[in-house]
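Peer 1: One file: run-v8.cif (mmCIF, C-alpha atoms).
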```
data_query
loop_
_atom_site.group_PDB
_atom_site.id
_atom_site.type_symbol
_atom_site.label_atom_id
_atom_site.label_comp_id
_atom_site.auth_asym_id
_atom_site.auth_seq_id
_atom_site.Cartn_x
_atom_site.Cartn_y
_atom_site.Cartn_z
ATOM 1 C CA MET K 1 0.000 0.000 0.000
ATOM 2 C CA GLN K 2 1.272 3.450 -0.905
ATOM 3 C CA GLU K 3 1.231 6.059 1.855
ATOM 4 C CA LYS K 4 -0.161 9.499 1.054
ATOM 5 C CA SER K 5 2.391 12.269 1.055
ATOM 6 C CA PRO K 6 1.948 14.943 3.750
ATOM 7 C CA ASP K 7 0.969 17.577 1.159
ATOM 8 C CA LYS K 8 -1.989 15.445 -0.024
ATOM 9 C CA LEU K 9 -4.251 15.630 3.033
ATOM 10 C CA THR K 10 -7.685 14.673 1.769
ATOM 11 C CA HIS K 11 -9.711 16.989 4.010
ATOM 12 C CA PHE K 12 -8.279 20.129 2.402
ATOM 13 C CA ASP K 13 -8.967 21.371 -1.113
ATOM 14 C CA GLY K 14 -6.440 22.962 -3.475
ATOM 15 C CA ASP K 15 -6.923 26.330 -1.762
ATOM 16 C CA GLY K 16 -6.312 24.888 1.703
ATOM 17 C CA ARG K 17 -9.968 25.065 2.713
ATOM 18 C CA VAL K 18 -11.419 22.301 4.818
ATOM 19 C CA HIS K 19 -14.114 20.068 3.343
ATOM 20 C CA MET K 20 -15.764 16.718 3.862
ATOM 21 C CA VAL K 21 -14.359 14.298 1.293
ATOM 22 C CA ASP K 22 -16.787 13.391 -1.492
ATOM 23 C CA VAL K 23 -17.061 9.592 -1.448
ATOM 24 C CA SER K 24 -19.966 9.371 -3.891
ATOM 25 C CA GLY K 25 -17.714 8.021 -6.661
ATOM 26 C CA LYS K 26 -16.285 5.241 -4.522
ATOM 27 C CA ALA K 27 -17.552 1.706 -4.785
ATOM 28 C CA GLU K 28 -19.211 0.160 -1.778
ATOM 29 C CA SER K 29 -17.215 -2.633 -0.195
ATOM 30 C CA ILE K 30 -17.013 -4.484 3.079
ATOM 31 C CA ARG K 31 -14.701 -2.511 5.331
ATOM 32 C CA THR K 32 -13.341 -3.414 8.727
ATOM 33 C CA ALA K 33 -11.006 -1.794 11.209
ATOM 34 C CA THR K 34 -9.498 -2.904 14.509
ATOM 35 C CA ALA K 35 -7.869 -0.597 17.042
ATOM 36 C CA ARG K 36 -6.392 -1.064 20.486
ATOM 37 C CA GLY K 37 -5.296 0.867 23.537
ATOM 38 C CA SER K 38 -4.802 0.346 27.234
ATOM 39 C CA VAL K 39 -5.151 1.903 30.651
ATOM 40 C CA ALA K 40 -2.169 1.251 32.918
ATOM 41 C CA PHE K 41 -2.454 1.341 36.714
ATOM 42 C CA THR K 42 -0.052 1.273 39.634
ATOM 43 C CA LYS K 43 0.567 -2.270 40.835
ATOM 44 C CA GLU K 44 -1.423 -1.632 44.016
ATOM 45 C CA ALA K 45 -4.404 -0.083 42.223
ATOM 46 C CA TYR K 46 -4.433 -2.860 39.629
ATOM 47 C CA SER K 47 -4.438 -5.502 42.363
ATOM 48 C CA ALA K 48 -7.349 -3.758 44.091
ATOM 49 C CA LEU K 49 -9.250 -3.460 40.820
ATOM 50 C CA ARG K 50 -8.582 -7.076 39.911
ATOM 51 C CA SER K 51 -9.696 -8.421 43.291
ATOM 52 C CA ARG K 52 -12.511 -6.055 44.311
ATOM 53 C CA GLY K 53 -13.579 -4.136 41.204
ATOM 54 C CA VAL K 54 -14.985 -0.644 41.578
ATOM 55 C CA LYS K 55 -18.085 0.668 43.343
ATOM 56 C CA LYS K 56 -19.603 1.941 40.089
ATOM 57 C CA GLY K 57 -20.111 -1.565 38.666
ATOM 58 C CA ASP K 58 -18.468 -4.012 36.255
ATOM 59 C CA ILE K 59 -15.754 -1.830 34.777
ATOM 60 C CA ARG K 60 -15.131 -4.053 31.759
ATOM 61 C CA LEU K 61 -18.795 -4.395 30.836
ATOM 62 C CA VAL K 62 -19.487 -0.669 31.160
ATOM 63 C CA ALA K 63 -16.358 0.253 29.146
ATOM 64 C CA GLU K 64 -17.293 -2.217 26.391
ATOM 65 C CA LEU K 65 -20.785 -0.749 26.178
ATOM 66 C CA ALA K 66 -19.384 2.808 26.135
ATOM 67 C CA GLY K 67 -17.042 1.863 23.281
ATOM 68 C CA ILE K 68 -19.899 0.430 21.224
ATOM 69 C CA GLN K 69 -21.968 3.549 21.807
ATOM 70 C CA ALA K 70 -19.022 5.785 20.898
ATOM 71 C CA ALA K 71 -18.399 3.988 17.594
ATOM 72 C CA LYS K 72 -21.997 4.725 16.606
ATOM 73 C CA GLN K 73 -21.518 8.437 17.462
ATOM 74 C CA THR K 74 -18.191 9.010 15.701
ATOM 75 C CA ALA K 75 -19.599 11.287 12.982
ATOM 76 C CA SER K 76 -21.058 13.518 15.723
ATOM 77 C CA LEU K 77 -17.690 13.766 17.481
ATOM 78 C CA ILE K 78 -15.186 14.025 14.610
ATOM 79 C CA PRO K 79 -16.205 16.934 12.352
ATOM 80 C CA LEU K 80 -15.269 15.525 8.944
ATOM 81 C CA CYS K 81 -16.252 11.876 9.433
ATOM 82 C CA HIS K 82 -19.096 10.525 7.366
ATOM 83 C CA PRO K 83 -22.063 9.007 9.194
ATOM 84 C CA LEU K 84 -21.905 5.298 8.409
ATOM 85 C CA PRO K 85 -24.285 2.365 8.577
ATOM 86 C CA ILE K 86 -22.250 0.280 11.000
ATOM 87 C CA SER K 87 -23.071 -3.407 10.766
ATOM 88 C CA SER K 88 -20.976 -4.627 13.701
ATOM 89 C CA VAL K 89 -19.027 -3.292 16.678
ATOM 90 C CA LYS K 90 -17.144 -5.515 19.086
ATOM 91 C CA VAL K 91 -15.253 -4.091 22.051
ATOM 92 C CA HIS K 92 -13.241 -6.254 24.421
ATOM 93 C CA VAL K 93 -11.651 -5.142 27.685
ATOM 94 C CA ASP K 94 -9.232 -7.639 29.180
ATOM 95 C CA PHE K 95 -7.049 -7.691 32.278
ATOM 96 C CA ASN K 96 -3.312 -7.686 31.527
ATOM 97 C CA ASP K 97 -1.641 -8.907 34.720
ATOM 98 C CA ALA K 98 1.896 -8.548 33.336
ATOM 99 C CA ARG K 99 1.461 -4.834 32.605
ATOM 100 C CA HIS K 100 -1.041 -3.969 35.386
ATOM 101 C CA ALA K 101 -3.387 -2.685 32.705
ATOM 102 C CA LEU K 102 -6.745 -3.094 31.112
ATOM 103 C CA ASP K 103 -6.307 -3.692 27.373
ATOM 104 C CA VAL K 104 -9.052 -2.519 25.035
ATOM 105 C CA THR K 105 -9.631 -3.791 21.501
ATOM 106 C CA ALA K 106 -12.410 -2.622 19.174
ATOM 107 C CA SER K 107 -13.412 -4.034 15.795
ATOM 108 C CA VAL K 108 -15.914 -2.284 13.530
ATOM 109 C CA LYS K 109 -17.482 -3.404 10.253
ATOM 110 C CA THR K 110 -19.567 -1.722 7.569
ATOM 111 C CA THR K 111 -20.467 -2.040 3.918
ATOM 112 C CA GLY K 112 -19.956 1.396 2.497
ATOM 113 C CA GLN K 113 -17.935 3.903 0.531
ATOM 114 C CA THR K 114 -15.509 4.855 3.294
ATOM 115 C CA GLY K 115 -13.705 3.049 6.069
ATOM 116 C CA VAL K 116 -14.354 2.603 9.774
ATOM 117 C CA GLU K 117 -10.898 3.364 11.173
ATOM 118 C CA MET K 118 -12.155 6.410 13.058
ATOM 119 C CA GLU K 119 -15.038 4.424 14.535
ATOM 120 C CA ALA K 120 -12.659 1.761 15.876
ATOM 121 C CA LEU K 121 -10.278 4.391 17.289
ATOM 122 C CA THR K 122 -13.173 6.310 18.853
ATOM 123 C CA ALA K 123 -14.526 3.128 20.443
ATOM 124 C CA VAL K 124 -11.143 2.393 22.045
ATOM 125 C CA SER K 125 -10.659 5.994 23.181
ATOM 126 C CA VAL K 126 -14.046 6.249 24.866
ATOM 127 C CA ALA K 127 -13.731 2.792 26.432
ATOM 128 C CA CYS K 128 -10.382 3.880 27.927
ATOM 129 C CA LEU K 129 -11.894 7.154 29.169
ATOM 130 C CA THR K 130 -14.743 5.181 30.746
ATOM 131 C CA ILE K 131 -12.241 2.983 32.569
ATOM 132 C CA TYR K 132 -10.505 6.115 33.827
ATOM 133 C CA ASP K 133 -13.798 7.604 35.012
ATOM 134 C CA MET K 134 -14.837 4.442 36.806
ATOM 135 C CA ALA K 135 -11.451 3.802 38.459
ATOM 136 C CA LYS K 136 -10.252 7.322 39.289
ATOM 137 C CA SER K 137 -11.195 6.829 42.939
ATOM 138 C CA ILE K 138 -8.507 4.140 43.277
ATOM 139 C CA ASP K 139 -5.806 5.567 40.958
ATOM 140 C CA LYS K 140 -5.815 9.115 39.627
ATOM 141 C CA GLY K 141 -2.374 8.475 38.122
ATOM 142 C CA MET K 142 -3.448 5.786 35.662
ATOM 143 C CA THR K 143 -2.279 6.306 32.099
ATOM 144 C CA ILE K 144 -4.205 5.889 28.868
ATOM 145 C CA LYS K 145 -1.687 4.526 26.388
ATOM 146 C CA ASP K 146 -0.968 3.369 22.880
ATOM 147 C CA ILE K 147 -4.266 4.001 21.107
ATOM 148 C CA GLU K 148 -3.583 2.840 17.570
ATOM 149 C CA LEU K 149 -5.055 1.287 14.473
ATOM 150 C CA ILE K 150 -3.836 -2.286 14.156
ATOM 151 C CA GLN K 151 -5.541 -3.277 10.925
ATOM 152 C CA LYS K 152 -8.085 -2.314 8.312
ATOM 153 C CA THR K 153 -9.544 -4.029 5.284
ATOM 154 C CA GLY K 154 -11.418 -2.915 2.188
ATOM 155 C CA GLY K 155 -11.544 0.189 0.108
ATOM 156 C CA LYS K 156 -9.402 1.659 -2.647
ATOM 157 C CA SER K 157 -6.284 1.923 -0.484
ATOM 158 C CA GLY K 158 -6.444 -1.794 0.310
ATOM 159 C CA ASP K 159 -5.629 -3.633 3.476
ATOM 160 C CA TYR K 160 -3.333 -2.435 6.244
ATOM 161 C CA LYS K 161 -1.807 -4.367 9.124
ATOM 162 C CA ARG K 162 0.386 -2.698 11.729
ATOM 163 C CA PRO K 163 3.827 -4.342 11.438
ATOM 164 C CA ASP K 164 4.224 -4.901 15.206
ATOM 165 C CA SER K 165 0.850 -6.602 15.747
#
```
Show the structure stored in the file as structure tokens.

Peer 2:
Amino acid sequence: MQEKSPDKLTHFDGDGRVHMVDVSGKAESIRTATARGSVAFTKEAYSALRSRGVKKGDIRLVAELAGIQAAKQTASLIPLCHPLPISSVKVHVDFNDARHALDVTASVKTTGQTGVEMEALTAVSVACLTIYDMAKSIDKGMTIKDIELIQKTGGKSGDYKRPDS
């Protein structure tokens, strides 16, 4: 896959004015995207979270639900994203004992004229923020880390897979 050069940003026209990209000429195809991120805790806070949870409820379940909801709202949050008919969103939050973290992965699927990378990244971001909100009483120093696209399929630009995943 060829990377776009920095002077070819698609959300700016030839005069440097911002615009929403016209995708009407693109063929519809099945498009998927998967993103990940994590929330790292102190060892003590992670142990407390792992053994007792938080008072606000099941942190993983609530974060997964928040991520799904966020994916569906991406076009409302990111100004130049197209509203898409999302056919599937899966968000998983898993304990990572080795890193004292909660790892978040989101996969999004659509059949459309543009991809769902932003929806997957938004799902992960909001799931991580939800974890922070729910656990801030036990660790205000937790760190949201490494939110990144790990793969995408479909569309004119073809498939992408992050080399380190």

Peer 1: Pull out every residue that the PyMOL selection byres ((chain K and resi 34-40) around 7) matches in the shown coordinates and put them as a CSV table (one decimal) with C-alpha atoms, keeping the file's coordinate frame.

Peer 2:
```
chain,number,residue,atom,x,y,z
K,32,THR,CA,-13.3,-3.4,8.7
K,33,ALA,CA,-11.0,-1.8,11.2
K,41,PHE,CA,-2.5,1.3,36.7
K,100,HIS,CA,-1.0,-4.0,35.4
K,101,ALA,CA,-3.4,-2.7,32.7
K,102,LEU,CA,-6.7,-3.1,31.1
K,103,ASP,CA,-6.3,-3.7,27.4
K,104,VAL,CA,-9.1,-2.5,25.0
K,105,THR,CA,-9.6,-3.8,21.5
K,106,ALA,CA,-12.4,-2.6,19.2
K,107,SER,CA,-13.4,-4.0,15.8
K,108,VAL,CA,-15.9,-2.3,13.5
K,120,ALA,CA,-12.7,1.8,15.9
K,121,LEU,CA,-10.3,4.4,17.3
K,124,VAL,CA,-11.1,2.4,22.0
K,128,CYS,CA,-10.4,3.9,27.9
K,142,MET,CA,-3.4,5.8,35.7
K,143,THR,CA,-2.3,6.3,32.1
K,144,ILE,CA,-4.2,5.9,28.9
K,145,LYS,CA,-1.7,4.5,26.4
K,146,ASP,CA,-1.0,3.4,22.9
K,147,ILE,CA,-4.3,4.0,21.1
K,148,GLU,CA,-3.6,2.8,17.6
K,149,LEU,CA,-5.1,1.3,14.5
K,150,ILE,CA,-3.8,-2.3,14.2
K,151,GLN,CA,-5.5,-3.3,10.9
K,152,LYS,CA,-8.1,-2.3,8.3
```

Peer 1: For a quick check of understanding, using only C-alpha atoms, which of K:Lys136, K:Lys55, K:Arg31, K:Arg162 has the smallest distance to K:Leu84?

Peer 2: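 Of K:Lys136, K:Lys55, K:Arg31, K:Arg162, the one nearest K:Leu84 is K:Arg31, counting only C-alpha atoms.
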
Peer 1: Which residues come within 10 Å of K:Thr153, counting all atoms listed in the file, excluding same-chain residues fewer than 3 positions away, as a PyMOL selection string?

Peer 2: chain K and resi 29-34+109+115-117+156-161

Peer 1: In Å, with one decimal, what is the gap from atom CA of K:Gly141 to atom CA of K:Val62?

Peer 2: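 Spanning atom CA of K:Gly141 to atom CA of K:Val62 is a straight-line distance of 20.6 Å.
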
Peer 1: Would you work out the distance separating atom CA of K:Val89 from atom CA of K:Leu49, expressed in Å to one decimal?

Peer 2: 26.0 Å

Peer 1: Please indicate the distance in Å from atom CA of K:Ser125 to atom CA of K:Arg60, rounded to one decimal place.

Peer 2: 13.9 Å

Peer 1: Quick one: of K:Glu119, K:Asp13, K:Glu28, K:Asp22, who's nearest to K:Leu77, counting all atoms listed in the file?

Peer 2: K:Glu119

Peer 1: Which residues are close to K:Thr74, i.e. within 8 Å by only C-alpha atoms, leaving aside same-chain residues fewer than 6 positions away? Reply as a list of chain:residue names.

Peer 2: K:Cys81, K:Pro83, K:Met118, K:Glu119, K:Thr122

Peer 1: To test your reading of the syntax: which residues would the PyMOL selection byres ((chain K and resi 126) around 10) return for the file shown? Reply as a ChimeraX atom specification.

Peer 2: /K:63-71,121-125,127-132

Peer 1: Store the residues of this selection in a file with C-alpha atoms, as a short mmCIF file (atom, residue, chain, number, x, y, z; two decimals), in the coordinates of the input.

Peer 2:
```cif
data_model
loop_
_atom_site.label_atom_id
_atom_site.label_comp_id
_atom_site.auth_asym_id
_atom_site.auth_seq_id
_atom_site.Cartn_x
_atom_site.Cartn_y
_atom_site.Cartn_z
CA ALA K 63 -16.36 0.25 29.15
CA GLU K 64 -17.29 -2.22 26.39
CA LEU K 65 -20.78 -0.75 26.18
CA ALA K 66 -19.38 2.81 26.14
CA GLY K 67 -17.04 1.86 23.28
CA ILE K 68 -19.90 0.43 21.22
CA GLN K 69 -21.97 3.55 21.81
CA ALA K 70 -19.02 5.78 20.90
CA ALA K 71 -18.40 3.99 17.59
CA LEU K 121 -10.28 4.39 17.29
CA THR K 122 -13.17 6.31 18.85
CA ALA K 123 -14.53 3.13 20.44
CA VAL K 124 -11.14 2.39 22.04
CA SER K 125 -10.66 5.99 23.18
CA ALA K 127 -13.73 2.79 26.43
CA CYS K 128 -10.38 3.88 27.93
CA LEU K 129 -11.89 7.15 29.17
CA THR K 130 -14.74 5.18 30.75
CA ILE K 131 -12.24 2.98 32.57
CA TYR K 132 -10.50 6.12 33.83
#
```

Peer 1: Applying the PyMOL selection byres ((chain K and resi 10) around 9) to the file I just gave you, which residues come out? Please list them as a PyMOL selection string.

Peer 2: chain K and resi 8-9+11-13+19-21

Peer 1: Restricting it to C-alpha atoms, dump the selection as a PDB file, keeping the file's coordinate frame.

Peer 2:
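Listing of again.pdb after writing:
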```
ATOM      1  CA  LYS K   8      -1.989  15.445  -0.024  1.00  0.00           C
ATOM      2  CA  LEU K   9      -4.251  15.630   3.033  1.00  0.00           C
ATOM      3  CA  HIS K  11      -9.711  16.989   4.010  1.00  0.00           C
ATOM      4  CA  PHE K  12      -8.279  20.129   2.402  1.00  0.00           C
ATOM      5  CA  ASP K  13      -8.967  21.371  -1.113  1.00  0.00           C
ATOM      6  CA  HIS K  19     -14.114  20.068   3.343  1.00  0.00           C
ATOM      7  CA  MET K  20     -15.764  16.718   3.862  1.00  0.00           C
ATOM      8  CA  VAL K  21     -14.359  14.298   1.293  1.00  0.00           C
TER       9      VAL K  21
END
```
